[in-house]
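As stored in my_file.cif (mmCIF, C-alpha atoms and all ligand atoms):
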```
data_protein
loop_
_atom_site.label_atom_id
_atom_site.label_comp_id
_atom_site.auth_asym_id
_atom_site.auth_seq_id
_atom_site.Cartn_x
_atom_site.Cartn_y
_atom_site.Cartn_z
CA MET I 3 -108.50 -60.62 -173.46
CA PRO I 4 -107.42 -57.08 -172.59
CA ALA I 5 -104.63 -56.52 -170.13
CA LEU I 6 -106.10 -56.26 -166.68
CA VAL I 7 -104.95 -53.49 -164.41
CA PHE I 8 -105.13 -54.28 -160.73
CA LEU I 9 -106.01 -51.19 -158.83
CA ALA I 10 -105.54 -50.32 -155.21
CA THR I 11 -108.72 -50.48 -153.24
CA ASP I 12 -110.12 -48.28 -150.55
CA LYS I 13 -111.68 -51.28 -148.85
CA LYS I 14 -108.70 -52.01 -146.67
CA ASN I 15 -110.17 -55.22 -145.41
CA PHE I 16 -110.18 -56.72 -148.88
CA ALA I 17 -106.43 -56.99 -148.52
CA LYS I 18 -106.87 -59.60 -145.83
CA SER I 19 -108.44 -61.98 -148.27
CA ALA I 20 -105.25 -63.24 -149.85
CA PRO I 21 -104.66 -64.91 -152.22
CA PHE I 22 -107.04 -62.76 -154.25
CA SER I 23 -106.03 -59.68 -156.14
CA TYR I 24 -108.82 -57.67 -157.62
CA LEU I 25 -110.03 -54.98 -159.86
CA CYS I 26 -111.91 -52.35 -157.99
CA ASN I 27 -113.70 -49.10 -158.81
CA VAL I 28 -114.08 -50.05 -162.45
CA ASN I 29 -117.05 -51.15 -164.45
CA LEU I 30 -117.07 -54.48 -166.26
CA LYS I 31 -118.42 -55.61 -169.58
CA LEU I 32 -118.48 -59.39 -170.11
CA THR I 33 -118.79 -59.88 -173.85
CA ASN I 34 -119.29 -62.71 -176.37
CA ILE I 35 -120.61 -65.04 -173.64
CA LYS I 36 -121.32 -68.37 -175.29
CA GLN I 37 -124.15 -69.20 -172.92
CA LEU I 38 -125.56 -66.87 -170.28
CA VAL I 39 -127.72 -68.52 -167.60
CA THR I 40 -129.83 -65.60 -166.36
CA LEU I 41 -132.55 -67.17 -164.20
CA SER I 42 -134.06 -63.75 -164.74
CA SER I 43 -137.27 -62.81 -162.95
CA GLU I 44 -138.50 -61.56 -166.35
CA LEU I 45 -139.36 -65.20 -166.99
CA THR I 46 -141.52 -65.86 -163.98
CA SER I 47 -145.07 -64.81 -163.61
CA PRO I 48 -145.78 -62.58 -161.82
CA LYS I 49 -142.44 -60.90 -162.54
CA ASP I 50 -141.85 -59.71 -159.02
CA ARG I 51 -141.83 -63.25 -157.65
CA ARG I 52 -138.24 -63.96 -156.73
CA PHE I 53 -138.21 -67.74 -156.63
CA ARG I 54 -139.19 -70.57 -158.94
CA VAL I 55 -141.50 -73.52 -158.45
CA GLY I 56 -142.62 -76.54 -160.46
CA ASP I 57 -141.86 -76.44 -164.19
CA GLU I 58 -140.41 -72.92 -163.90
CA MET I 59 -137.35 -74.50 -162.28
CA ARG I 60 -136.41 -75.91 -165.69
CA ASN I 61 -136.48 -72.55 -167.46
CA LEU I 62 -133.03 -71.03 -166.96
CA GLY I 63 -133.52 -68.02 -169.21
CA ILE I 64 -130.56 -68.89 -171.43
CA VAL I 65 -129.17 -66.22 -173.76
CA GLU I 66 -126.60 -67.31 -176.39
CA ASN I 67 -123.86 -64.91 -177.55
CA ALA I 68 -124.62 -62.62 -174.65
CA VAL I 69 -123.26 -59.66 -172.73
CA VAL I 70 -123.48 -58.62 -169.07
CA VAL I 71 -122.62 -55.11 -167.93
CA ILE I 72 -121.80 -54.41 -164.29
CA GLU I 73 -121.56 -50.84 -163.01
CA ASN I 74 -120.76 -49.75 -159.47
CA GLY I 75 -121.06 -53.32 -158.31
CA LEU I 76 -124.55 -53.89 -159.74
CA ILE I 77 -125.79 -55.49 -162.94
CA SER I 78 -126.89 -52.65 -165.24
CA HIS I 79 -127.54 -54.48 -168.51
CA PHE I 80 -127.69 -58.00 -169.93
CA GLY I 81 -128.88 -59.54 -173.16
CA LYS I 82 -127.74 -60.42 -176.67
CA MET I 83 -124.47 -58.95 -177.94
CA GLU I 84 -126.21 -57.22 -180.81
CA ASP I 85 -128.51 -55.40 -178.39
CA LEU I 86 -125.65 -53.86 -176.40
CA PRO I 87 -126.31 -50.11 -176.18
CA GLN I 88 -123.85 -48.20 -178.40
CA ASN I 89 -123.73 -45.20 -176.10
CA LEU I 90 -121.89 -46.94 -173.24
CA SER I 91 -118.96 -44.82 -172.09
CA ASN I 92 -115.40 -46.08 -172.43
CA ASN I 93 -115.07 -46.41 -168.71
CA PHE I 94 -115.35 -50.20 -168.85
CA ILE I 95 -112.95 -53.08 -168.66
CA GLU I 96 -114.05 -55.56 -171.28
CA TYR I 97 -113.60 -59.26 -170.63
CA ASP I 98 -114.07 -61.63 -173.51
CA CYS I 99 -116.10 -64.72 -172.51
CA SER I 100 -115.99 -66.60 -175.83
CA ASP I 101 -116.45 -70.34 -175.23
CA LYS I 102 -117.51 -69.69 -171.64
CA VAL I 103 -120.71 -70.09 -169.65
CA VAL I 104 -121.66 -67.23 -167.31
CA MET I 105 -124.18 -67.55 -164.49
CA PRO I 106 -125.08 -66.06 -161.09
CA GLY I 107 -122.72 -66.95 -158.23
CA PHE I 108 -123.78 -69.99 -156.18
CA VAL I 109 -125.61 -69.39 -152.91
CA ASP I 110 -124.85 -71.90 -150.15
CA SER I 111 -127.77 -71.37 -147.79
CA HIS I 112 -126.87 -73.89 -145.07
CA THR I 113 -123.41 -74.45 -143.53
CA HIS I 114 -121.78 -74.94 -140.14
CA LEU I 115 -118.49 -73.54 -141.44
CA VAL I 116 -117.03 -72.25 -138.17
CA PHE I 117 -115.86 -75.14 -135.98
CA GLY I 118 -112.84 -76.40 -134.07
CA GLY I 119 -111.06 -79.66 -134.93
CA SER I 120 -112.19 -82.23 -137.47
CA ARG I 121 -113.75 -85.70 -137.35
CA GLU I 122 -111.90 -87.84 -139.89
CA ASP I 123 -111.59 -90.65 -137.30
CA GLU I 124 -115.38 -90.91 -137.18
CA PHE I 125 -115.43 -91.14 -140.96
CA GLY I 126 -113.18 -94.19 -140.70
CA MET I 127 -115.42 -95.71 -137.99
CA ARG I 128 -118.46 -95.23 -140.20
CA SER I 129 -116.68 -96.88 -143.11
CA ALA I 130 -116.08 -99.83 -140.78
CA GLY I 131 -119.82 -100.09 -140.16
CA GLU I 132 -120.63 -97.95 -137.12
CA THR I 133 -123.62 -95.62 -137.41
CA TYR I 134 -123.68 -91.87 -136.80
CA GLN I 135 -125.85 -92.44 -133.71
CA GLU I 136 -123.51 -95.14 -132.28
CA ILE I 137 -120.55 -92.81 -132.67
CA ALA I 138 -122.49 -89.98 -130.98
CA GLU I 139 -123.27 -92.26 -128.03
CA LYS I 140 -119.52 -92.82 -127.55
CA GLY I 141 -118.95 -89.06 -127.22
CA GLY I 142 -118.35 -88.35 -130.88
CA GLY I 143 -120.67 -86.40 -133.16
CA ILE I 144 -121.71 -82.80 -132.54
CA LEU I 145 -120.53 -82.86 -128.93
CA SER I 146 -116.94 -83.69 -129.90
CA SER I 147 -116.93 -80.60 -132.15
CA VAL I 148 -118.41 -78.64 -129.24
CA ARG I 149 -115.53 -79.63 -126.92
CA ILE I 150 -112.87 -78.43 -129.37
CA THR I 151 -114.78 -75.31 -130.47
CA ARG I 152 -115.18 -74.21 -126.85
CA GLU I 153 -111.42 -74.50 -126.32
CA ALA I 154 -110.47 -72.71 -129.54
CA SER I 155 -109.69 -68.99 -129.58
CA LYS I 156 -111.53 -66.62 -131.90
CA LYS I 157 -108.31 -66.20 -133.83
CA GLU I 158 -107.94 -69.94 -134.39
CA LEU I 159 -111.57 -70.33 -135.50
CA LYS I 160 -111.26 -67.40 -137.88
CA LYS I 161 -108.05 -68.63 -139.46
CA LYS I 162 -109.58 -71.99 -140.20
CA ALA I 163 -112.87 -70.55 -141.48
CA ARG I 164 -111.05 -68.07 -143.70
CA ARG I 165 -109.29 -70.88 -145.51
CA TYR I 166 -112.61 -72.57 -146.24
CA LEU I 167 -114.24 -69.32 -147.38
CA THR I 168 -111.42 -68.60 -149.82
CA SER I 169 -111.73 -72.07 -151.29
CA MET I 170 -115.53 -71.75 -151.56
CA LEU I 171 -115.24 -68.49 -153.43
CA LYS I 172 -112.78 -70.06 -155.87
CA GLN I 173 -115.40 -72.75 -156.47
CA GLY I 174 -118.04 -70.19 -157.35
CA THR I 175 -119.94 -69.64 -154.09
CA THR I 176 -120.46 -65.90 -153.64
CA THR I 177 -122.88 -65.97 -150.66
CA VAL I 178 -122.80 -68.36 -147.73
CA GLU I 179 -124.86 -68.81 -144.58
CA ILE I 180 -122.95 -69.84 -141.45
CA LYS I 181 -124.51 -71.18 -138.25
CA SER I 182 -123.28 -71.14 -134.66
CA GLY I 183 -124.18 -74.24 -132.63
CA TYR I 184 -120.83 -75.75 -131.61
CA GLY I 185 -120.62 -73.53 -128.52
CA LEU I 186 -123.80 -74.48 -126.64
CA ASP I 187 -123.00 -72.18 -123.73
CA PHE I 188 -123.45 -68.42 -123.58
CA ASP I 189 -119.84 -67.36 -124.07
CA SER I 190 -119.02 -69.94 -126.75
CA GLU I 191 -122.14 -69.25 -128.82
CA ILE I 192 -121.41 -65.51 -128.71
CA LYS I 193 -117.77 -66.25 -129.59
CA MET I 194 -118.91 -68.14 -132.69
CA LEU I 195 -121.31 -65.36 -133.73
CA ASP I 196 -118.54 -62.80 -133.19
CA VAL I 197 -116.25 -64.81 -135.46
CA ILE I 198 -118.98 -64.93 -138.13
CA ARG I 199 -119.57 -61.16 -137.77
CA GLU I 200 -115.87 -60.38 -138.15
CA LEU I 201 -115.56 -62.67 -141.16
CA ARG I 202 -118.55 -60.89 -142.69
CA GLN I 203 -116.78 -57.55 -142.30
CA GLU I 204 -113.43 -58.74 -143.56
CA GLU I 205 -114.02 -61.30 -146.29
CA ILE I 206 -115.03 -60.79 -149.91
CA ILE I 207 -117.69 -63.52 -149.89
CA SER I 208 -121.09 -62.40 -148.52
CA ILE I 209 -121.97 -64.04 -145.22
CA VAL I 210 -125.37 -64.56 -143.56
CA SER I 211 -125.36 -65.41 -139.85
CA THR I 212 -127.62 -67.90 -138.05
CA PHE I 213 -127.88 -68.62 -134.33
CA ILE I 214 -128.53 -72.27 -133.53
CA GLY I 215 -127.93 -72.61 -129.81
CA ALA I 216 -130.62 -75.32 -130.06
CA HIS I 217 -128.33 -77.62 -132.05
CA ALA I 218 -127.94 -80.22 -129.27
CA PHE I 219 -128.10 -80.38 -125.49
CA PRO I 220 -124.63 -79.80 -123.98
CA THR I 221 -123.27 -82.45 -121.59
CA GLU I 222 -123.70 -80.23 -118.52
CA PHE I 223 -127.45 -79.98 -119.21
CA LYS I 224 -127.91 -83.65 -120.08
CA ASN I 225 -130.18 -84.16 -117.08
CA ASN I 226 -131.70 -80.69 -117.19
CA PRO I 227 -132.84 -80.00 -120.75
CA ASP I 228 -135.35 -77.37 -119.59
CA GLY I 229 -132.47 -75.49 -117.97
CA TYR I 230 -130.70 -75.28 -121.32
CA VAL I 231 -133.86 -74.10 -123.11
CA SER I 232 -134.18 -71.37 -120.45
CA LEU I 233 -130.57 -70.34 -121.07
CA ILE I 234 -131.32 -70.02 -124.81
CA CYS I 235 -134.58 -68.14 -124.27
CA ASP I 236 -133.77 -65.95 -121.29
CA GLN I 237 -130.16 -65.05 -122.03
CA MET I 238 -128.86 -65.94 -125.47
CA ILE I 239 -131.71 -64.81 -127.77
CA PRO I 240 -132.31 -61.40 -126.10
CA TYR I 241 -128.56 -60.67 -126.12
CA ILE I 242 -128.11 -61.74 -129.75
CA GLY I 243 -131.22 -59.90 -130.91
CA GLN I 244 -130.29 -56.66 -129.18
CA ARG I 245 -126.79 -56.66 -130.68
CA LYS I 246 -127.97 -57.91 -134.08
CA LEU I 247 -125.43 -60.72 -133.95
CA ALA I 248 -127.47 -62.98 -136.24
CA ASP I 249 -129.98 -62.73 -139.10
CA PHE I 250 -131.73 -66.04 -138.40
CA CYS I 251 -132.57 -68.35 -135.50
CA ASP I 252 -132.50 -72.10 -136.21
CA VAL I 253 -133.41 -75.22 -134.20
CA PHE I 254 -132.55 -78.91 -134.60
CA CYS I 255 -136.12 -80.21 -134.31
CA GLU I 256 -135.71 -83.97 -133.93
CA LYS I 257 -136.47 -86.91 -131.65
CA GLY I 258 -133.98 -86.84 -128.78
CA TYR I 259 -133.07 -83.21 -129.49
CA PHE I 260 -135.59 -80.34 -129.50
CA ASP I 261 -139.25 -81.36 -129.68
CA VAL I 262 -141.83 -79.48 -131.75
CA GLU I 263 -143.20 -77.53 -128.81
CA THR I 264 -139.78 -76.39 -127.63
CA SER I 265 -138.72 -75.57 -131.19
CA GLU I 266 -141.82 -73.42 -131.61
CA LYS I 267 -141.09 -71.61 -128.37
CA ILE I 268 -137.49 -70.85 -129.37
CA LEU I 269 -138.27 -69.80 -132.94
CA THR I 270 -141.22 -67.62 -131.89
CA LEU I 271 -139.08 -65.87 -129.31
CA GLY I 272 -136.28 -65.46 -131.87
CA LYS I 273 -138.77 -63.80 -134.22
CA GLN I 274 -139.79 -61.36 -131.50
CA HIS I 275 -136.11 -60.42 -131.19
CA GLY I 276 -135.65 -59.85 -134.93
CA LEU I 277 -134.23 -63.27 -135.84
CA LEU I 278 -136.05 -64.88 -138.77
CA PRO I 279 -136.92 -68.57 -138.27
CA LYS I 280 -135.21 -71.49 -139.96
CA ILE I 281 -135.48 -75.11 -138.91
CA HIS I 282 -133.59 -78.43 -139.23
CA ALA I 283 -136.59 -80.67 -139.88
CA GLU I 284 -137.41 -84.31 -140.59
CA GLU I 285 -133.77 -85.39 -140.91
CA LEU I 286 -133.82 -88.68 -139.00
CA THR I 287 -137.55 -89.24 -138.42
CA SER I 288 -140.93 -87.78 -139.46
CA PHE I 289 -141.25 -85.48 -136.48
CA GLY I 290 -143.48 -82.54 -137.41
CA GLY I 291 -140.81 -79.90 -138.00
CA ALA I 292 -142.04 -79.16 -141.53
CA GLU I 293 -145.60 -78.60 -140.28
CA LEU I 294 -144.19 -76.23 -137.65
CA ALA I 295 -142.19 -74.37 -140.32
CA GLY I 296 -145.34 -73.58 -142.29
CA ARG I 297 -147.30 -72.68 -139.16
CA ILE I 298 -144.81 -70.11 -137.86
CA GLY I 299 -143.77 -68.70 -141.24
CA ALA I 300 -140.19 -70.00 -141.31
CA VAL I 301 -138.05 -68.72 -144.18
CA SER I 302 -136.72 -72.24 -144.78
CA ALA I 303 -137.04 -75.81 -143.55
CA ASP I 304 -133.84 -77.77 -144.11
CA HIS I 305 -133.00 -81.50 -144.57
CA LEU I 306 -136.53 -83.04 -144.98
CA GLU I 307 -135.30 -86.58 -145.71
CA HIS I 308 -138.37 -87.94 -143.87
CA ILE I 309 -140.96 -85.29 -144.73
CA THR I 310 -144.61 -86.43 -144.89
CA ASP I 311 -147.41 -85.32 -147.22
CA ASP I 312 -148.74 -83.03 -144.48
CA GLY I 313 -145.27 -81.52 -144.14
CA ILE I 314 -145.05 -80.89 -147.89
CA ASN I 315 -148.46 -79.24 -147.82
CA SER I 316 -147.43 -77.02 -144.93
CA LEU I 317 -144.28 -75.81 -146.72
CA LYS I 318 -146.30 -75.10 -149.85
CA GLN I 319 -149.01 -73.17 -147.98
CA GLY I 320 -146.47 -71.17 -145.99
CA ASN I 321 -144.15 -70.46 -148.96
CA VAL I 322 -141.33 -71.97 -146.92
CA ALA I 323 -138.19 -72.80 -148.93
CA ALA I 324 -137.19 -76.47 -148.70
CA VAL I 325 -133.40 -76.60 -148.42
CA LEU I 326 -132.26 -80.08 -149.42
CA LEU I 327 -128.81 -81.31 -148.39
CA PRO I 328 -127.85 -84.17 -150.73
CA GLY I 329 -124.23 -84.19 -149.51
CA VAL I 330 -125.37 -85.34 -146.06
CA SER I 331 -127.33 -88.30 -147.39
CA PHE I 332 -124.37 -89.17 -149.60
CA PHE I 333 -121.73 -88.84 -146.85
CA LEU I 334 -123.75 -90.70 -144.19
CA ASN I 335 -125.36 -93.11 -146.64
CA HIS I 336 -128.79 -92.02 -145.41
CA GLN I 337 -132.13 -91.65 -147.15
CA TYR I 338 -132.46 -88.73 -149.60
CA ALA I 339 -135.15 -86.06 -149.41
CA PRO I 340 -138.05 -86.56 -151.89
CA ALA I 341 -137.02 -83.75 -154.24
CA ARG I 342 -139.33 -84.79 -157.08
CA LYS I 343 -142.36 -84.86 -154.84
CA LEU I 344 -141.51 -81.44 -153.39
CA ILE I 345 -141.05 -79.93 -156.85
CA GLU I 346 -144.19 -81.52 -158.24
CA ASN I 347 -146.15 -80.13 -155.29
CA GLY I 348 -144.97 -76.59 -155.99
CA VAL I 349 -142.60 -76.16 -153.05
CA VAL I 350 -139.65 -73.73 -153.44
CA VAL I 351 -136.71 -76.16 -153.57
CA ALA I 352 -133.12 -75.13 -152.86
CA ILE I 353 -129.98 -77.21 -152.35
CA ALA I 354 -127.06 -76.46 -150.03
CA THR I 355 -123.93 -78.21 -148.79
CA ASP I 356 -124.51 -78.30 -144.98
CA PHE I 357 -120.70 -78.10 -144.81
CA ASN I 358 -119.73 -79.38 -141.34
CA PRO I 359 -117.10 -81.72 -139.88
CA GLY I 360 -119.44 -84.63 -139.15
CA SER I 361 -122.07 -85.14 -141.81
CA CYS I 362 -120.76 -83.34 -144.93
CA MET I 363 -117.13 -82.31 -145.19
CA SER I 364 -117.58 -80.60 -148.55
CA TYR I 365 -118.50 -77.07 -149.62
CA SER I 366 -118.62 -77.81 -153.32
CA MET I 367 -121.97 -76.64 -154.68
CA PRO I 368 -121.37 -78.33 -158.07
CA LEU I 369 -120.78 -81.65 -156.28
CA MET I 370 -124.12 -81.21 -154.48
CA MET I 371 -125.72 -80.57 -157.88
CA THR I 372 -124.31 -83.84 -159.23
CA ILE I 373 -125.55 -85.82 -156.21
CA ALA I 374 -128.98 -84.16 -156.46
CA CYS I 375 -129.19 -85.22 -160.13
CA THR I 376 -128.05 -88.81 -159.60
CA HIS I 377 -129.73 -89.63 -156.28
CA MET I 378 -132.71 -87.28 -156.07
CA LYS I 379 -133.50 -87.30 -159.80
CA MET I 380 -133.47 -83.55 -160.16
CA SER I 381 -132.68 -82.27 -163.66
CA PRO I 382 -129.52 -80.23 -164.43
CA GLU I 383 -131.77 -77.19 -164.87
CA GLU I 384 -133.51 -77.75 -161.53
CA VAL I 385 -130.24 -78.08 -159.61
CA LEU I 386 -128.95 -74.82 -161.09
CA THR I 387 -132.14 -73.04 -160.05
CA ALA I 388 -131.96 -74.66 -156.60
CA SER I 389 -128.37 -73.42 -156.13
CA THR I 390 -128.97 -69.81 -157.13
CA ILE I 391 -132.32 -67.99 -157.10
CA ASN I 392 -134.17 -70.47 -154.85
CA ALA I 393 -131.17 -70.64 -152.50
CA ALA I 394 -131.28 -66.84 -152.31
CA ALA I 395 -134.98 -67.12 -151.39
CA ALA I 396 -133.99 -69.50 -148.57
CA LEU I 397 -131.92 -66.62 -147.16
CA ASN I 398 -134.56 -63.95 -147.82
CA LEU I 399 -132.09 -62.35 -150.26
CA SER I 400 -133.68 -63.07 -153.61
CA ASN I 401 -134.27 -59.36 -154.23
CA GLU I 402 -130.50 -58.84 -154.22
CA ILE I 403 -128.82 -61.99 -155.53
CA GLY I 404 -129.41 -65.32 -157.26
CA SER I 405 -130.10 -64.20 -160.84
CA ILE I 406 -128.82 -62.00 -163.62
CA ASP I 407 -131.26 -59.10 -163.35
CA ILE I 408 -130.82 -55.36 -163.57
CA GLY I 409 -130.08 -53.89 -160.16
CA LYS I 410 -128.92 -57.15 -158.61
CA ARG I 411 -125.46 -57.49 -157.11
CA GLY I 412 -122.66 -58.19 -159.58
CA ASP I 413 -122.06 -61.71 -158.24
CA VAL I 414 -121.20 -63.73 -161.31
CA VAL I 415 -119.18 -66.84 -162.17
CA ILE I 416 -117.47 -67.53 -165.48
CA LEU I 417 -117.28 -71.26 -166.18
CA ASP I 418 -114.88 -72.96 -168.57
CA ILE I 419 -117.40 -75.48 -169.91
CA PRO I 420 -119.15 -75.76 -173.28
CA ASN I 421 -122.67 -75.50 -171.82
CA TYR I 422 -124.37 -75.37 -168.41
CA LYS I 423 -125.19 -79.09 -168.42
CA PHE I 424 -121.49 -79.83 -167.94
CA LEU I 425 -121.57 -78.38 -164.43
CA PRO I 426 -123.30 -81.34 -162.71
CA TYR I 427 -122.18 -83.79 -165.40
CA HIS I 428 -118.38 -83.43 -165.28
CA PHE I 429 -118.01 -83.78 -161.52
CA GLY I 430 -115.00 -83.60 -159.22
CA GLU I 431 -113.44 -80.77 -161.20
CA ASN I 432 -113.56 -77.04 -160.49
CA HIS I 433 -114.93 -75.53 -163.70
CA VAL I 434 -114.90 -71.99 -162.33
CA TYR I 435 -112.67 -69.88 -164.53
CA ARG I 436 -113.17 -66.52 -162.81
CA VAL I 437 -115.37 -65.11 -160.06
CA ILE I 438 -116.82 -61.61 -159.98
CA LYS I 439 -118.01 -60.51 -156.55
CA ASN I 440 -119.95 -57.26 -156.09
CA GLY I 441 -118.69 -56.29 -159.53
CA VAL I 442 -115.09 -56.89 -158.45
CA PHE I 443 -113.11 -59.13 -160.73
CA LEU I 444 -111.12 -61.57 -158.61
CA GLU I 445 -107.78 -62.97 -159.73
CA TYR I 446 -106.02 -65.77 -157.93
ZN ZN C 1 -127.19 -78.30 -140.52
#
```
I need this file expressed as structure tokens, please.
Amino acid sequence: MPALVFLATDKKNFAKSAPFSYLCNVNLKLTNIKQLVTLSSELTSPKDRRFRVGDEMRNLGIVENAVVVIENGLISHFGKMEDLPQNLSNNFIEYDCSDKVVMPGFVDSHTHLVFGGSREDEFGMRSAGETYQEIAEKGGGILSSVRITREASKKELKKKARRYLTSMLKQGTTTVEIKSGYGLDFDSEIKMLDVIRELRQEEIISIVSTFIGAHAFPTEFKNNPDGYVSLICDQMIPYIGQRKLADFCDVFCEKGYFDVETSEKILTLGKQHGLLPKIHAEELTSFGGAELAGRIGAVSADHLEHITDDGINSLKQGNVAAVLLPGVSFFLNHQYAPARKLIENGVVVAIATDFNPGSCMSYSMPLMMTIACTHMKMSPEEVLTASTINAAAALNLSNEIGSIDIGKRGDVVILDIPNYKFLPYHFGENHVYRVIKNGVFLEY
């Protein structure tokens, strides 16, 4: 391995993301890669389709003894070592990847990463036999996170989130979606979105922002749910849309939370204000959220543990990405989403962590891959596809990230494993050897 020179950067905010040091303003050549997982769009038909369905999910586009060239932050060449163009200038740092696997950075398309406090006491109560719903009825659950998040300052929320983001990046996640939804009043929801916006400006990891004021009904609106829906529709969404504080609008469509009609109203209004629709659907009951997702052209429908055949059909017809959250089913000991059925019916399947203090206190994408293999019977190839290119599709970003393709962002992970199958197989260990983000080689 050549000596690496760490250069000063003109992106002053990068400096805030300790403990990383980084190479900047140089071009990279990753050589002698034992196994390159490309997930390249060259392999899909038609070639401009930026997601994979059915059997395509098992074709990872592997290249042995490979090279990847990244220039000005973007992938400019990839392929076999012997096909490397001889006329490349010397202005490259070469990094030898012998005995390593290289693949696109993981995309975590569903998290609630900004929150106050933590809920380890509830975890203990659940271990002792209490259910998630029983704990919520005693004042725990989402509303306990809401109480603490409302009290927390922006600075406190940011400090905590930053620690998580740094750890995620070290574990190979290069893009993450973060939702609001622990504020549930005007000022607190905007505070959360402000925190997400500032993190997006300051952190190395790419961040996508989602407004989910319709996450639960706050205590003060317990007897006036329509009043809360009016607050979301009349005040929050127009304000957020005008200031471009979020990319997506999401709703927890579930019995006892937001019904299908209300969810449709909120998501349709969000769309009119420039917020693309996402939906928490069919988590606890078969409720019709997946059908709604197809009907209104949602970018993704997430959870889907209780999805029906009609719901599956609706996602397929509407090209809605199904974001499965195996960590939640594992952590709460709930039913798993029918991944096999979704894949066999040609739905775009992604997996994400749903990192949050109550139902999945983990942001490890490889752990989610392992759980998806063991409990949802997805193959190692399918979980890799679901964590990269299909996860990018769930964020409407599959033109930019999620595969090794010319012109895509230089978001790449180098893994210290003999082949890609080790990633879900050897679980509980961080196999990430190095992370390259926007063509910047991170050292930590
Ligand atoms: Zn969620």
May I have a table of the residues of segment 372-434 of chain I lying at most 12 Å from segment 335-358 of chain I, giving each one's closest pair of atoms and their distance in Å to one decimal, counting only C-alpha atoms, ordered by chain and ascending residue number, as a Markdown table?
```
| residue | atom | partner | partner_atom | distance |
| --- | --- | --- | --- | --- |
| I:Thr372 | CA | I:Ile353 | CA | 11.1 |
| I:Ile373 | CA | I:Tyr338 | CA | 10.0 |
| I:Ala374 | CA | I:Ile353 | CA | 8.1 |
| I:Cys375 | CA | I:Ala341 | CA | 9.9 |
| I:Thr376 | CA | I:Tyr338 | CA | 10.9 |
| I:His377 | CA | I:Tyr338 | CA | 7.3 |
| I:Met378 | CA | I:Ala341 | CA | 5.9 |
| I:Lys379 | CA | I:Arg342 | CA | 6.9 |
| I:Met380 | CA | I:Arg342 | CA | 6.7 |
| I:Ser381 | CA | I:Arg342 | CA | 9.7 |
| I:Glu384 | CA | I:Val351 | CA | 8.7 |
| I:Val385 | CA | I:Ile353 | CA | 7.3 |
| I:Leu386 | CA | I:Ile353 | CA | 9.1 |
| I:Thr387 | CA | I:Ala352 | CA | 7.6 |
| I:Ala388 | CA | I:Ala352 | CA | 3.9 |
| I:Ser389 | CA | I:Ile353 | CA | 5.6 |
| I:Thr390 | CA | I:Ala352 | CA | 8.0 |
| I:Ile391 | CA | I:Ala352 | CA | 8.3 |
| I:Asn392 | CA | I:Ala352 | CA | 5.2 |
| I:Ala393 | CA | I:Ala352 | CA | 4.9 |
| I:Ala394 | CA | I:Ala352 | CA | 8.5 |
| I:Ala395 | CA | I:Val350 | CA | 8.3 |
| I:Ala396 | CA | I:Ala352 | CA | 7.1 |
| I:Leu397 | CA | I:Ala352 | CA | 10.3 |
| I:Gly404 | CA | I:Ala352 | CA | 11.4 |
```
Closest of I:Asn89, I:Thr177, I:Ser232, I:Gln237 to Val109 of chain I - atom-to-atom distances counting only C-alpha atoms: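 Between I:Asn89, I:Thr177, I:Ser232, I:Gln237, the residue approaching Val109 of chain I most closely is I:Thr177.
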Which protein, DNA or RNA residues have an atom within 12 Å of ligand ZN 1 (chain C), counting all atoms listed in the file, as a compact mmCIF listing (two decimals) with C-alpha atoms, in the frame of the given file?
```txt
# COMPACT_ATOMS: atom_id res chain seq x y z
CA ASP I 110 -124.85 -71.90 -150.15
CA SER I 111 -127.77 -71.37 -147.79
CA HIS I 112 -126.87 -73.89 -145.07
CA THR I 113 -123.41 -74.45 -143.53
CA HIS I 114 -121.78 -74.94 -140.14
CA LEU I 115 -118.49 -73.54 -141.44
CA ILE I 144 -121.71 -82.80 -132.54
CA GLU I 179 -124.86 -68.81 -144.58
CA ILE I 180 -122.95 -69.84 -141.45
CA LYS I 181 -124.51 -71.18 -138.25
CA SER I 182 -123.28 -71.14 -134.66
CA GLY I 183 -124.18 -74.24 -132.63
CA TYR I 184 -120.83 -75.75 -131.61
CA THR I 212 -127.62 -67.90 -138.05
CA PHE I 213 -127.88 -68.62 -134.33
CA ILE I 214 -128.53 -72.27 -133.53
CA ALA I 216 -130.62 -75.32 -130.06
CA HIS I 217 -128.33 -77.62 -132.05
CA ALA I 218 -127.94 -80.22 -129.27
CA ASP I 252 -132.50 -72.10 -136.21
CA VAL I 253 -133.41 -75.22 -134.20
CA PHE I 254 -132.55 -78.91 -134.60
CA CYS I 255 -136.12 -80.21 -134.31
CA LYS I 280 -135.21 -71.49 -139.96
CA ILE I 281 -135.48 -75.11 -138.91
CA HIS I 282 -133.59 -78.43 -139.23
CA ALA I 283 -136.59 -80.67 -139.88
CA GLU I 284 -137.41 -84.31 -140.59
CA GLU I 285 -133.77 -85.39 -140.91
CA ALA I 303 -137.04 -75.81 -143.55
CA ASP I 304 -133.84 -77.77 -144.11
CA HIS I 305 -133.00 -81.50 -144.57
CA LEU I 306 -136.53 -83.04 -144.98
CA VAL I 325 -133.40 -76.60 -148.42
CA LEU I 326 -132.26 -80.08 -149.42
CA LEU I 327 -128.81 -81.31 -148.39
CA PRO I 328 -127.85 -84.17 -150.73
CA GLY I 329 -124.23 -84.19 -149.51
CA VAL I 330 -125.37 -85.34 -146.06
CA ALA I 354 -127.06 -76.46 -150.03
CA THR I 355 -123.93 -78.21 -148.79
CA ASP I 356 -124.51 -78.30 -144.98
CA PHE I 357 -120.70 -78.10 -144.81
CA ASN I 358 -119.73 -79.38 -141.34
CA PRO I 359 -117.10 -81.72 -139.88
CA GLY I 360 -119.44 -84.63 -139.15
CA SER I 361 -122.07 -85.14 -141.81
CA CYS I 362 -120.76 -83.34 -144.93
CA MET I 363 -117.13 -82.31 -145.19
```
